[in-house]
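Raw contents of entry.cif, mmCIF, C-alpha atoms:
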data_work
#
loop_
_atom_site.group_PDB
_atom_site.id
_atom_site.type_symbol
_atom_site.label_atom_id
_atom_site.label_comp_id
_atom_site.auth_asym_id
_atom_site.auth_seq_id
_atom_site.Cartn_x
_atom_site.Cartn_y
_atom_site.Cartn_z
ATOM 1 C CA MET A 1 168.900 -14.371 60.963
ATOM 2 C CA SER A 2 165.703 -16.420 61.018
ATOM 3 C CA THR A 3 162.906 -15.650 63.437
ATOM 4 C CA THR A 4 161.641 -18.368 65.746
ATOM 5 C CA LEU A 5 158.431 -17.890 67.710
ATOM 6 C CA THR A 6 157.057 -20.162 70.408
ATOM 7 C CA PHE A 7 153.380 -20.290 71.356
ATOM 8 C CA MET A 8 151.803 -22.049 74.316
ATOM 9 C CA LEU A 9 148.067 -22.554 73.832
ATOM 10 C CA MET A 10 145.691 -23.757 76.508
ATOM 11 C CA ASP A 11 142.099 -23.149 75.368
ATOM 12 C CA PRO A 12 140.141 -25.811 73.472
ATOM 13 C CA PRO A 13 138.614 -25.025 70.096
ATOM 14 C CA PHE A 14 134.892 -24.349 69.627
ATOM 15 C CA GLU A 15 134.532 -22.664 73.039
ATOM 16 C CA ALA A 16 136.638 -19.535 73.171
ATOM 17 C CA THR A 17 138.493 -17.136 70.920
ATOM 18 C CA ARG A 18 142.010 -17.229 72.343
ATOM 19 C CA SER A 19 143.331 -20.321 70.557
ATOM 20 C CA THR A 20 141.658 -19.248 67.321
ATOM 21 C CA THR A 21 143.319 -15.839 67.531
ATOM 22 C CA ALA A 22 146.641 -17.560 68.166
ATOM 23 C CA LEU A 23 146.163 -19.643 65.033
ATOM 24 C CA ARG A 24 145.578 -16.475 63.035
ATOM 25 C CA LEU A 25 148.838 -15.039 64.378
ATOM 26 C CA LEU A 26 150.583 -18.302 63.538
ATOM 27 C CA GLN A 27 149.280 -18.121 59.970
ATOM 28 C CA ILE A 28 150.696 -14.604 59.535
ATOM 29 C CA ALA A 29 154.037 -15.741 60.958
ATOM 30 C CA ALA A 30 153.987 -18.778 58.662
ATOM 31 C CA GLU A 31 153.449 -16.516 55.662
ATOM 32 C CA ARG A 32 156.600 -14.635 56.733
ATOM 33 C CA GLY A 33 158.612 -17.855 56.799
ATOM 34 C CA TYR A 34 159.179 -17.926 60.530
ATOM 35 C CA ASN A 35 160.039 -21.073 62.417
ATOM 36 C CA LEU A 36 157.114 -21.801 64.715
ATOM 37 C CA ASN A 37 156.864 -23.924 67.825
ATOM 38 C CA VAL A 38 153.556 -24.686 69.513
ATOM 39 C CA LEU A 39 152.918 -26.482 72.760
ATOM 40 C CA ALA A 40 149.240 -27.387 73.050
ATOM 41 C CA TYR A 41 148.507 -27.716 76.728
ATOM 42 C CA GLU A 42 145.302 -28.937 78.436
ATOM 43 C CA GLY A 43 142.220 -28.380 76.254
ATOM 44 C CA ALA A 44 144.280 -27.028 73.371
ATOM 45 C CA VAL A 45 145.284 -30.607 72.489
ATOM 46 C CA TYR A 46 141.897 -30.736 70.787
ATOM 47 C CA VAL A 47 142.908 -27.998 68.324
ATOM 48 C CA PRO A 48 144.658 -30.487 65.972
ATOM 49 C CA PHE A 49 142.349 -33.401 66.900
ATOM 50 C CA ALA A 50 141.903 -35.500 63.767
ATOM 51 C CA GLY A 51 138.370 -36.550 64.693
ATOM 52 C CA GLN A 52 136.846 -33.093 64.143
ATOM 53 C CA THR A 53 134.032 -33.194 61.588
ATOM 54 C CA GLY A 54 131.536 -30.671 60.329
ATOM 55 C CA HIS A 55 127.835 -30.846 61.066
ATOM 56 C CA PRO A 56 124.579 -29.407 59.736
ATOM 57 C CA ASN A 57 123.130 -26.325 61.403
ATOM 58 C CA PRO A 58 119.339 -26.335 61.784
ATOM 59 C CA VAL A 59 119.238 -22.700 62.942
ATOM 60 C CA HIS A 60 121.047 -21.604 59.796
ATOM 61 C CA GLY A 61 118.993 -23.998 57.692
ATOM 62 C CA HIS A 62 122.176 -25.545 56.300
ATOM 63 C CA ASP A 63 122.985 -29.179 55.665
ATOM 64 C CA VAL A 64 126.503 -30.346 56.470
ATOM 65 C CA GLY A 65 127.848 -29.309 53.083
ATOM 66 C CA GLU A 66 126.218 -25.895 53.070
ATOM 67 C CA GLU A 67 127.368 -25.121 56.609
ATOM 68 C CA ASP A 68 130.999 -25.796 55.640
ATOM 69 C CA HIS A 69 131.959 -25.826 59.302
ATOM 70 C CA PRO A 70 135.419 -24.430 60.045
ATOM 71 C CA LEU A 71 137.702 -27.052 61.570
ATOM 72 C CA PRO A 72 140.819 -25.976 63.493
ATOM 73 C CA ARG A 73 142.613 -29.211 62.574
ATOM 74 C CA GLU A 74 142.566 -28.002 58.982
ATOM 75 C CA TRP A 75 143.955 -24.636 60.029
ATOM 76 C CA VAL A 76 146.854 -26.390 61.777
ATOM 77 C CA ARG A 77 147.581 -28.325 58.599
ATOM 78 C CA ILE A 78 147.465 -25.154 56.494
ATOM 79 C CA ILE A 79 149.771 -23.295 58.888
ATOM 80 C CA GLY A 80 152.318 -26.100 58.609
ATOM 81 C CA GLU A 81 152.129 -26.137 54.825
ATOM 82 C CA THR A 82 152.345 -22.344 54.648
ATOM 83 C CA ALA A 83 155.400 -22.222 56.887
ATOM 84 C CA ALA A 84 157.171 -24.927 54.889
ATOM 85 C CA SER A 85 156.395 -23.279 51.556
ATOM 86 C CA ASN A 86 157.883 -20.008 52.799
ATOM 87 C CA GLY A 87 161.090 -21.504 54.162
ATOM 88 C CA GLY A 88 159.914 -21.817 57.745
ATOM 89 C CA SER A 89 158.634 -24.678 59.856
ATOM 90 C CA LEU A 90 155.928 -25.682 62.303
ATOM 91 C CA ASP A 91 156.772 -27.969 65.209
ATOM 92 C CA TRP A 92 153.509 -28.708 67.057
ATOM 93 C CA VAL A 93 153.721 -30.665 70.293
ATOM 94 C CA ASN A 94 150.628 -31.912 72.081
ATOM 95 C CA CYS A 95 151.097 -32.295 75.833
ATOM 96 C CA GLY A 96 151.058 -36.078 76.124
ATOM 97 C CA MET A 97 149.447 -36.285 79.546
ATOM 98 C CA CYS A 98 146.796 -33.727 78.520
ATOM 99 C CA ALA A 99 145.973 -35.781 75.426
ATOM 100 C CA ASP A 100 145.874 -39.027 77.412
ATOM 101 C CA GLU A 101 143.431 -37.728 80.004
ATOM 102 C CA ARG A 102 141.117 -36.526 77.249
ATOM 103 C CA GLY A 103 141.513 -39.455 74.872
ATOM 104 C CA ALA A 104 142.677 -36.922 72.299
ATOM 105 C CA ASN A 105 145.732 -38.661 70.893
ATOM 106 C CA ASP A 106 144.434 -38.864 67.336
ATOM 107 C CA ALA A 107 145.961 -35.713 65.881
ATOM 108 C CA VAL A 108 146.615 -34.548 62.332
ATOM 109 C CA ASP A 109 149.920 -35.442 60.690
ATOM 110 C CA GLY A 110 152.907 -33.537 61.976
ATOM 111 C CA VAL A 111 151.745 -33.289 65.588
ATOM 112 C CA ARG A 112 153.940 -35.088 68.109
ATOM 113 C CA ARG A 113 153.723 -35.831 71.813
ATOM 114 C CA GLY A 114 155.807 -33.949 74.338
ATOM 115 C CA GLY A 115 155.570 -31.771 77.400
ATOM 116 C CA PRO A 116 157.220 -29.061 79.487
ATOM 117 C CA PRO A 117 160.793 -29.928 78.453
ATOM 118 C CA ALA A 118 159.941 -28.961 74.883
ATOM 119 C CA LEU A 119 158.561 -25.634 76.043
ATOM 120 C CA ALA A 120 161.625 -24.964 78.207
ATOM 121 C CA ALA A 121 163.986 -25.650 75.337
ATOM 122 C CA TRP A 122 161.976 -23.542 72.917
ATOM 123 C CA MET A 123 161.718 -20.585 75.315
ATOM 124 C CA ALA A 124 165.488 -20.598 75.725
ATOM 125 C CA SER A 125 166.147 -20.579 71.999
ATOM 126 C CA SER A 126 163.262 -18.579 70.483
ATOM 127 C CA THR A 127 163.156 -14.981 69.380
ATOM 128 C CA ASN A 128 160.060 -14.617 71.535
ATOM 129 C CA THR A 129 157.438 -16.675 73.331
ATOM 130 C CA LEU A 130 153.734 -16.016 73.684
ATOM 131 C CA ILE A 131 151.892 -17.793 76.503
ATOM 132 C CA ILE A 132 148.117 -17.801 75.985
ATOM 133 C CA PRO A 133 146.551 -19.418 79.061
ATOM 134 C CA THR A 134 142.950 -20.202 79.809
ATOM 135 C CA ARG A 135 141.185 -17.419 81.723
ATOM 136 C CA ALA A 136 138.100 -17.821 83.830
ATOM 137 C CA MET B 1 103.799 -22.578 78.138
ATOM 138 C CA ALA B 2 106.986 -22.385 80.182
ATOM 139 C CA SER B 3 109.026 -19.222 79.783
ATOM 140 C CA LEU B 4 112.816 -19.088 79.756
ATOM 141 C CA LEU B 5 115.196 -16.140 79.947
ATOM 142 C CA CYS B 6 118.713 -16.783 78.629
ATOM 143 C CA ILE B 7 121.240 -14.206 79.824
ATOM 144 C CA CYS B 8 124.264 -13.836 77.559
ATOM 145 C CA ASP B 9 127.112 -11.602 78.660
ATOM 146 C CA GLN B 10 130.182 -12.683 76.690
ATOM 147 C CA GLY B 11 130.201 -11.792 73.037
ATOM 148 C CA TYR B 12 132.053 -13.646 70.297
ATOM 149 C CA ARG B 13 133.315 -16.566 72.420
ATOM 150 C CA ALA B 14 133.587 -19.173 69.677
ATOM 151 C CA SER B 15 131.805 -17.383 66.891
ATOM 152 C CA ILE B 16 134.563 -17.915 64.329
ATOM 153 C CA GLU B 17 134.491 -21.713 64.395
ATOM 154 C CA GLU B 18 130.786 -22.052 65.148
ATOM 155 C CA GLN B 19 129.718 -19.311 62.721
ATOM 156 C CA ASP B 20 127.222 -18.128 65.311
ATOM 157 C CA ASP B 21 127.038 -17.623 69.073
ATOM 158 C CA THR B 22 126.463 -20.828 70.970
ATOM 159 C CA ALA B 23 124.221 -19.214 73.601
ATOM 160 C CA VAL B 24 122.097 -17.474 70.973
ATOM 161 C CA TRP B 25 121.958 -20.733 69.015
ATOM 162 C CA MET B 26 120.760 -22.690 72.046
ATOM 163 C CA ALA B 27 118.162 -20.039 72.886
ATOM 164 C CA HIS B 28 116.878 -20.236 69.319
ATOM 165 C CA MET B 29 116.640 -24.025 69.413
ATOM 166 C CA LEU B 30 114.820 -23.869 72.744
ATOM 167 C CA GLN B 31 112.427 -21.265 71.327
ATOM 168 C CA ARG B 32 111.616 -23.672 68.524
ATOM 169 C CA ASN B 33 110.927 -26.355 71.100
ATOM 170 C CA GLU B 34 107.188 -26.637 71.482
ATOM 171 C CA GLY B 35 106.137 -25.418 74.892
ATOM 172 C CA THR B 36 109.009 -23.047 75.564
ATOM 173 C CA SER B 37 108.838 -19.285 75.170
ATOM 174 C CA THR B 38 112.401 -18.036 75.161
ATOM 175 C CA ALA B 39 113.920 -14.593 75.533
ATOM 176 C CA LEU B 40 117.509 -13.389 75.362
ATOM 177 C CA LEU B 41 118.940 -10.746 77.654
ATOM 178 C CA LEU B 42 122.139 -9.308 76.214
ATOM 179 C CA ARG B 43 124.514 -7.658 78.616
ATOM 180 C CA ALA B 44 128.181 -6.614 78.751
ATOM 181 C CA SER B 45 130.001 -7.304 75.457
ATOM 182 C CA ALA B 46 127.097 -9.374 74.105
ATOM 183 C CA VAL B 47 124.988 -6.230 73.608
ATOM 184 C CA ASN B 48 127.014 -5.662 70.442
ATOM 185 C CA TYR B 49 125.151 -8.585 68.860
ATOM 186 C CA ALA B 50 122.180 -6.256 68.339
ATOM 187 C CA PHE B 51 124.289 -3.652 66.515
ATOM 188 C CA THR B 52 123.312 -3.399 62.847
ATOM 189 C CA GLY B 53 126.740 -2.023 61.894
ATOM 190 C CA GLN B 54 128.561 -5.336 62.336
ATOM 191 C CA LYS B 55 130.306 -6.414 59.141
ATOM 192 C CA PRO B 56 131.085 -10.133 59.277
ATOM 193 C CA THR B 57 134.057 -10.858 57.059
ATOM 194 C CA GLY B 58 135.218 -14.293 58.191
ATOM 195 C CA VAL B 59 138.747 -15.562 58.437
ATOM 196 C CA ALA B 60 141.201 -17.020 55.945
ATOM 197 C CA PHE B 61 144.038 -19.463 56.340
ATOM 198 C CA GLY B 62 146.077 -19.659 53.172
ATOM 199 C CA SER B 63 143.689 -20.373 50.322
ATOM 200 C CA TRP B 64 140.940 -21.471 52.737
ATOM 201 C CA THR B 65 138.289 -18.842 53.319
ATOM 202 C CA GLN B 66 135.275 -18.988 55.595
ATOM 203 C CA SER B 67 131.955 -19.583 53.847
ATOM 204 C CA HIS B 68 129.588 -18.291 56.518
ATOM 205 C CA PRO B 69 131.095 -15.838 59.008
ATOM 206 C CA ALA B 70 128.919 -15.301 62.036
ATOM 207 C CA ASP B 71 126.242 -12.654 61.530
ATOM 208 C CA LEU B 72 124.850 -12.100 64.981
ATOM 209 C CA ALA B 73 122.405 -9.319 64.096
ATOM 210 C CA ARG B 74 120.905 -11.591 61.429
ATOM 211 C CA ASP B 75 120.730 -14.474 63.898
ATOM 212 C CA LEU B 76 118.922 -12.312 66.445
ATOM 213 C CA LYS B 77 116.396 -11.255 63.809
ATOM 214 C CA ARG B 78 115.800 -14.886 62.910
ATOM 215 C CA PHE B 79 115.334 -15.672 66.595
ATOM 216 C CA GLN B 80 112.760 -12.883 66.781
ATOM 217 C CA ALA B 81 111.051 -14.160 63.649
ATOM 218 C CA ASP B 82 110.569 -17.475 65.423
ATOM 219 C CA GLY B 83 108.930 -15.706 68.351
ATOM 220 C CA GLY B 84 111.937 -15.026 70.561
ATOM 221 C CA ARG B 85 112.238 -11.755 72.431
ATOM 222 C CA VAL B 86 115.463 -9.766 72.818
ATOM 223 C CA PHE B 87 116.387 -7.477 75.691
ATOM 224 C CA ALA B 88 119.587 -5.464 76.201
ATOM 225 C CA ILE B 89 121.018 -3.554 79.131
ATOM 226 C CA SER B 90 120.933 0.152 78.376
ATOM 227 C CA GLU B 91 124.060 1.028 80.386
ATOM 228 C CA ASP B 92 126.091 -1.613 78.517
ATOM 229 C CA LEU B 93 124.862 -0.222 75.212
ATOM 230 C CA ALA B 94 125.719 3.321 76.272
ATOM 231 C CA LYS B 95 129.263 2.306 77.287
ATOM 232 C CA ARG B 96 129.793 1.185 73.702
ATOM 233 C CA GLY B 97 128.212 4.251 72.171
ATOM 234 C CA LEU B 98 125.198 2.312 70.956
ATOM 235 C CA GLY B 99 121.646 3.603 70.968
ATOM 236 C CA GLY B 100 118.248 2.854 69.563
ATOM 237 C CA ALA B 101 118.953 3.666 65.898
ATOM 238 C CA ASP B 102 122.061 1.463 65.954
ATOM 239 C CA LEU B 103 120.131 -1.632 66.911
ATOM 240 C CA ILE B 104 117.997 -4.159 65.112
ATOM 241 C CA ASP B 105 114.275 -3.593 65.489
ATOM 242 C CA ASP B 106 112.295 -4.729 68.494
ATOM 243 C CA VAL B 107 115.114 -4.873 71.022
ATOM 244 C CA THR B 108 113.762 -3.878 74.422
ATOM 245 C CA THR B 109 116.338 -1.930 76.406
ATOM 246 C CA ILE B 110 116.184 -2.072 80.178
ATOM 247 C CA PRO B 111 118.358 -0.499 82.875
ATOM 248 C CA ALA B 112 120.594 -2.779 84.925
ATOM 249 C CA ALA B 113 118.374 -2.033 87.874
ATOM 250 C CA GLY B 114 115.492 -3.609 85.988
ATOM 251 C CA VAL B 115 117.050 -7.054 85.616
ATOM 252 C CA ALA B 116 115.598 -8.396 88.856
ATOM 253 C CA ALA B 117 112.082 -7.462 87.799
ATOM 254 C CA LEU B 118 112.637 -8.989 84.347
ATOM 255 C CA VAL B 119 113.940 -12.238 85.833
ATOM 256 C CA ALA B 120 110.807 -12.462 87.973
ATOM 257 C CA GLU B 121 108.671 -12.568 84.818
ATOM 258 C CA PHE B 122 110.137 -15.913 83.705
ATOM 259 C CA ASP B 123 109.634 -19.468 84.937
ATOM 260 C CA MET B 124 113.265 -20.336 84.288
ATOM 261 C CA VAL B 125 116.492 -18.354 83.920
ATOM 262 C CA SER B 126 119.754 -19.603 82.492
ATOM 263 C CA PHE B 127 122.996 -17.625 82.657
ATOM 264 C CA TRP B 128 125.417 -18.246 79.819
#
How would this structure read if it were set down as structure tokens?
Amino acid sequence: MSTTLTFMLMDPPFEATRSTTALRLLQIAAERGYNLNVLAYEGAVYVPFAGQTGHPNPVHGHDVGEEDHPLPREWVRIIGETAASNGGSLDWVNCGMCADERGANDAVDGVRRGGPPALAAWMASSTNTLIIPTRA
Amino acid sequence: MASLLCICDQGYRASIEEQDDTAVWMAHMLQRNEGTSTALLLRASAVNYAFTGQKPTGVAFGSWTQSHPADLARDLKRFQADGGRVFAISEDLAKRGLGGADLIDDVTTIPAAGVAALVAEFDMVSFW
């Protein structure tokens, strides 16, 4: 029987660790061939934002190439490819209203718009669900 | 010259993506700004930044591996090399089993009760 995991992420990238840690868990699950569902809620819609670009770092003394800035949108792409290559899947839904209010609708391929109904359906059908909300 | 104390109390907030700590980075940039003398006060989990035993390994996603994992002890030393001063709360270090020999050089430890007096030494204070 296949394993299906649902994640709800809420933190934006580049500011906290929670969404990054969730992506690391997703990568491990993808390597195991699990079917993965992700609802990106509020600031997490920026995790797969296609407009992310690297930058130089004057404190490190690196130009943009040397800095090789990690970009979460690339991690999302890799997780999807890893899941597919291991017999699993990644279904990533960006909360549509959250993306609209932020102007963050330009996401990497494979990300679709949705909202709470997707989460409700996934929670009812998944092996387990992990909610990772923003904390003050 | 204006003096600025940056208080940092949350360690490793976005250090994976940013490959550094954003508060330490900003303090360093401000220190480089002509006319600003900047100091960092590390408290709570951020005191671990001064620990020499950190071993940055970076993350990997599939075949992608991180080129420059955050090295906070190195970054603090570079901040010091540019004239920045580093303070740490002794009780927060003790809670984590850290003492003088565990830390990078030239970190001034102060008790929590000494923060008010330290703050009074600076023209400006920012809490991160």
Next on the checklist: Expand the PyMOL selection byres ((chain A and resi 108) around 8) into the explicit residue set it covers here, and present it as a ChimeraX atom specification.
Outcome noted: /A:48-50,73,77,106-107,109-111
Checklist entry - Applied to this file, what does the PyMOL selection byres ((chain B) within 8 of (chain A)) return in terms of residues, put as a PyMOL selection string? => result chain B and resi 12-19+25+28-29+61-62+66-68
Residues from last step as file, C-alpha atoms, as a tab-separated table (two decimals), keeping the file's coordinate frame:
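Output (selection20.tsv):
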chain	number	residue	atom	x	y	z
B	12	TYR	CA	132.05	-13.65	70.30
B	13	ARG	CA	133.32	-16.57	72.42
B	14	ALA	CA	133.59	-19.17	69.68
B	15	SER	CA	131.80	-17.38	66.89
B	16	ILE	CA	134.56	-17.92	64.33
B	17	GLU	CA	134.49	-21.71	64.40
B	18	GLU	CA	130.79	-22.05	65.15
B	19	GLN	CA	129.72	-19.31	62.72
B	25	TRP	CA	121.96	-20.73	69.02
B	28	HIS	CA	116.88	-20.24	69.32
B	29	MET	CA	116.64	-24.02	69.41
B	61	PHE	CA	144.04	-19.46	56.34
B	62	GLY	CA	146.08	-19.66	53.17
B	66	GLN	CA	135.28	-18.99	55.60
B	67	SER	CA	131.96	-19.58	53.85
B	68	HIS	CA	129.59	-18.29	56.52
Item to check | Test item: the PyMOL selection byres ((chain B and resi 115) around 12) resolved as a VMD selection string | outcome: chain B and resid 5 7 41 to 43 87 to 91 109 to 114 116 to 122 125
Using only C-alpha atoms, please write the residues we just selected to a file, as a short mmCIF file (atom, residue, chain, number, x, y, z; two decimals), in the frame of the given file.
data_model
loop_
_atom_site.label_atom_id
_atom_site.label_comp_id
_atom_site.auth_asym_id
_atom_site.auth_seq_id
_atom_site.Cartn_x
_atom_site.Cartn_y
_atom_site.Cartn_z
CA LEU B 5 115.20 -16.14 79.95
CA ILE B 7 121.24 -14.21 79.82
CA LEU B 41 118.94 -10.75 77.65
CA LEU B 42 122.14 -9.31 76.21
CA ARG B 43 124.51 -7.66 78.62
CA PHE B 87 116.39 -7.48 75.69
CA ALA B 88 119.59 -5.46 76.20
CA ILE B 89 121.02 -3.55 79.13
CA SER B 90 120.93 0.15 78.38
CA GLU B 91 124.06 1.03 80.39
CA THR B 109 116.34 -1.93 76.41
CA ILE B 110 116.18 -2.07 80.18
CA PRO B 111 118.36 -0.50 82.88
CA ALA B 112 120.59 -2.78 84.92
CA ALA B 113 118.37 -2.03 87.87
CA GLY B 114 115.49 -3.61 85.99
CA ALA B 116 115.60 -8.40 88.86
CA ALA B 117 112.08 -7.46 87.80
CA LEU B 118 112.64 -8.99 84.35
CA VAL B 119 113.94 -12.24 85.83
CA ALA B 120 110.81 -12.46 87.97
CA GLU B 121 108.67 -12.57 84.82
CA PHE B 122 110.14 -15.91 83.70
CA VAL B 125 116.49 -18.35 83.92
#
Item to check | Contacts of Asp11 of chain A within 6 Å, only C-alpha atoms, excl. fewer than 3 positions in-chain, as JSON, numbers by chain | outcome: {"A": [19, 43, 44, 134]}
Item to check | Nearest candidate to Leu25 of chain A (options A:Val45, A:Ala99, A:Val38, A:Met123; using all atoms listed in the file) | outcome: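 Going through A:Val45, A:Ala99, A:Val38, A:Met123 one by one, the smallest distance to Leu25 of chain A is for A:Val38.
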Item to check | Among listed residues A:Ala120, A:Val47, A:Leu5, A:Val64, nearest Asn35 of chain A (using all atoms listed in the file) | outcome: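 Looking only at the distances to Asn35 of chain A, the closest residue turns out to be A:Leu5.
Reported to one decimal place, the separation of atom CA of Leu9 of chain A from atom CA of Val24 of chain B is 26.6 Å.
Closest approach to Lys95 of chain B from the set B:Asn48, B:Ser126, B:Gln80, B:Asn33 is made by B:Asn48, with distances taken over all atoms listed in the file.
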Taking all atoms of segment 92-106 of chain B that the file lists and extending 3 Å past them on each side, where is the centre of the axis-aligned box and how long are its edges? Answer in Å to one decimal, as lines of an AutoDock Vina configuration file.
center_x = 121.0
center_y = -0.2
center_z = 71.8
size_x = 23.5
size_y = 15.0
size_z = 19.4
Item to check | Point (110.9, -19.9, 81.2), cut-off 8 Å, counting all atoms listed in the file, residues as a PyMOL selection string | outcome: chain B and resi 2-5+36-38+122-125
Checklist entry - Please, what distance in Å, to one decimal, runs between atom CA of Asp21 of chain B and atom CA of Ala70 of chain B? => result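 Rounded to one decimal, the two atoms are 7.6 Å apart.
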Item to check | Given only C-alpha atoms as the counted atoms, nearest of A:Ala118, A:Pro12, A:Gly80, A:Gly51 to Ala29 of chain A | outcome: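 So, comparing all the options, the nearest one is A:Gly80.
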Checklist entry - Any idea what the distance is between atom CA of Met10 of chain A and atom CA of Ser125 of chain A? => result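 Atom-to-atom, atom CA of Met10 of chain A and atom CA of Ser125 of chain A are spaced 21.2 Å apart.
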Next on the checklist: Using all atoms listed in the file, list the residues that have an atom at most 12 Å from (146.6, -35.7, 80.3), coordinates as in the file, as number ranges by chain.
Outcome noted: A: 40-46, 94-105, 113-115
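Shell of Ala23 of chain B at 8 Å, with all atoms listed in the file counted and residues fewer than 5 places along the chain excluded, is Cys6, Cys8 and Trp128 of chain B.
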Export: segment 74-88 of chain A, N, CA and C atoms, as a tab-separated table (two decimals), in the first residue's frame:
chain	number	residue	atom	x	y	z
A	74	GLU	N	14.01	25.93	-6.51
A	74	GLU	CA	14.74	24.81	-7.09
A	74	GLU	C	14.55	23.54	-6.27
A	75	TRP	N	14.49	23.71	-4.95
A	75	TRP	CA	14.27	22.54	-4.09
A	75	TRP	C	12.90	21.93	-4.37
A	76	VAL	N	11.90	22.78	-4.59
A	76	VAL	CA	10.56	22.26	-4.91
A	76	VAL	C	10.61	21.45	-6.21
A	77	ARG	N	11.30	21.99	-7.19
A	77	ARG	CA	11.42	21.28	-8.46
A	77	ARG	C	12.11	19.93	-8.27
A	78	ILE	N	13.18	19.91	-7.50
A	78	ILE	CA	13.93	18.68	-7.26
A	78	ILE	C	13.07	17.66	-6.52
A	79	ILE	N	12.31	18.12	-5.54
A	79	ILE	CA	11.45	17.20	-4.78
A	79	ILE	C	10.44	16.54	-5.73
A	80	GLY	N	9.86	17.32	-6.61
A	80	GLY	CA	8.91	16.77	-7.57
A	80	GLY	C	9.56	15.74	-8.48
A	81	GLU	N	10.74	16.06	-8.98
A	81	GLU	CA	11.45	15.13	-9.87
A	81	GLU	C	11.85	13.87	-9.11
A	82	THR	N	12.29	14.04	-7.87
A	82	THR	CA	12.71	12.88	-7.07
A	82	THR	C	11.53	11.96	-6.80
A	83	ALA	N	10.40	12.55	-6.43
A	83	ALA	CA	9.22	11.73	-6.16
A	83	ALA	C	8.82	10.95	-7.41
A	84	ALA	N	8.77	11.65	-8.54
A	84	ALA	CA	8.35	10.98	-9.78
A	84	ALA	C	9.30	9.85	-10.17
A	85	SER	N	10.60	10.09	-9.98
A	85	SER	CA	11.58	9.07	-10.39
A	85	SER	C	11.58	7.86	-9.47
A	86	ASN	N	10.95	7.99	-8.31
A	86	ASN	CA	10.88	6.87	-7.37
A	86	ASN	C	9.46	6.29	-7.27
A	87	GLY	N	8.62	6.64	-8.24
A	87	GLY	CA	7.28	6.06	-8.27
A	87	GLY	C	6.25	6.82	-7.45
A	88	GLY	N	6.65	7.94	-6.90
A	88	GLY	CA	5.70	8.75	-6.13
A	88	GLY	C	5.25	9.97	-6.90
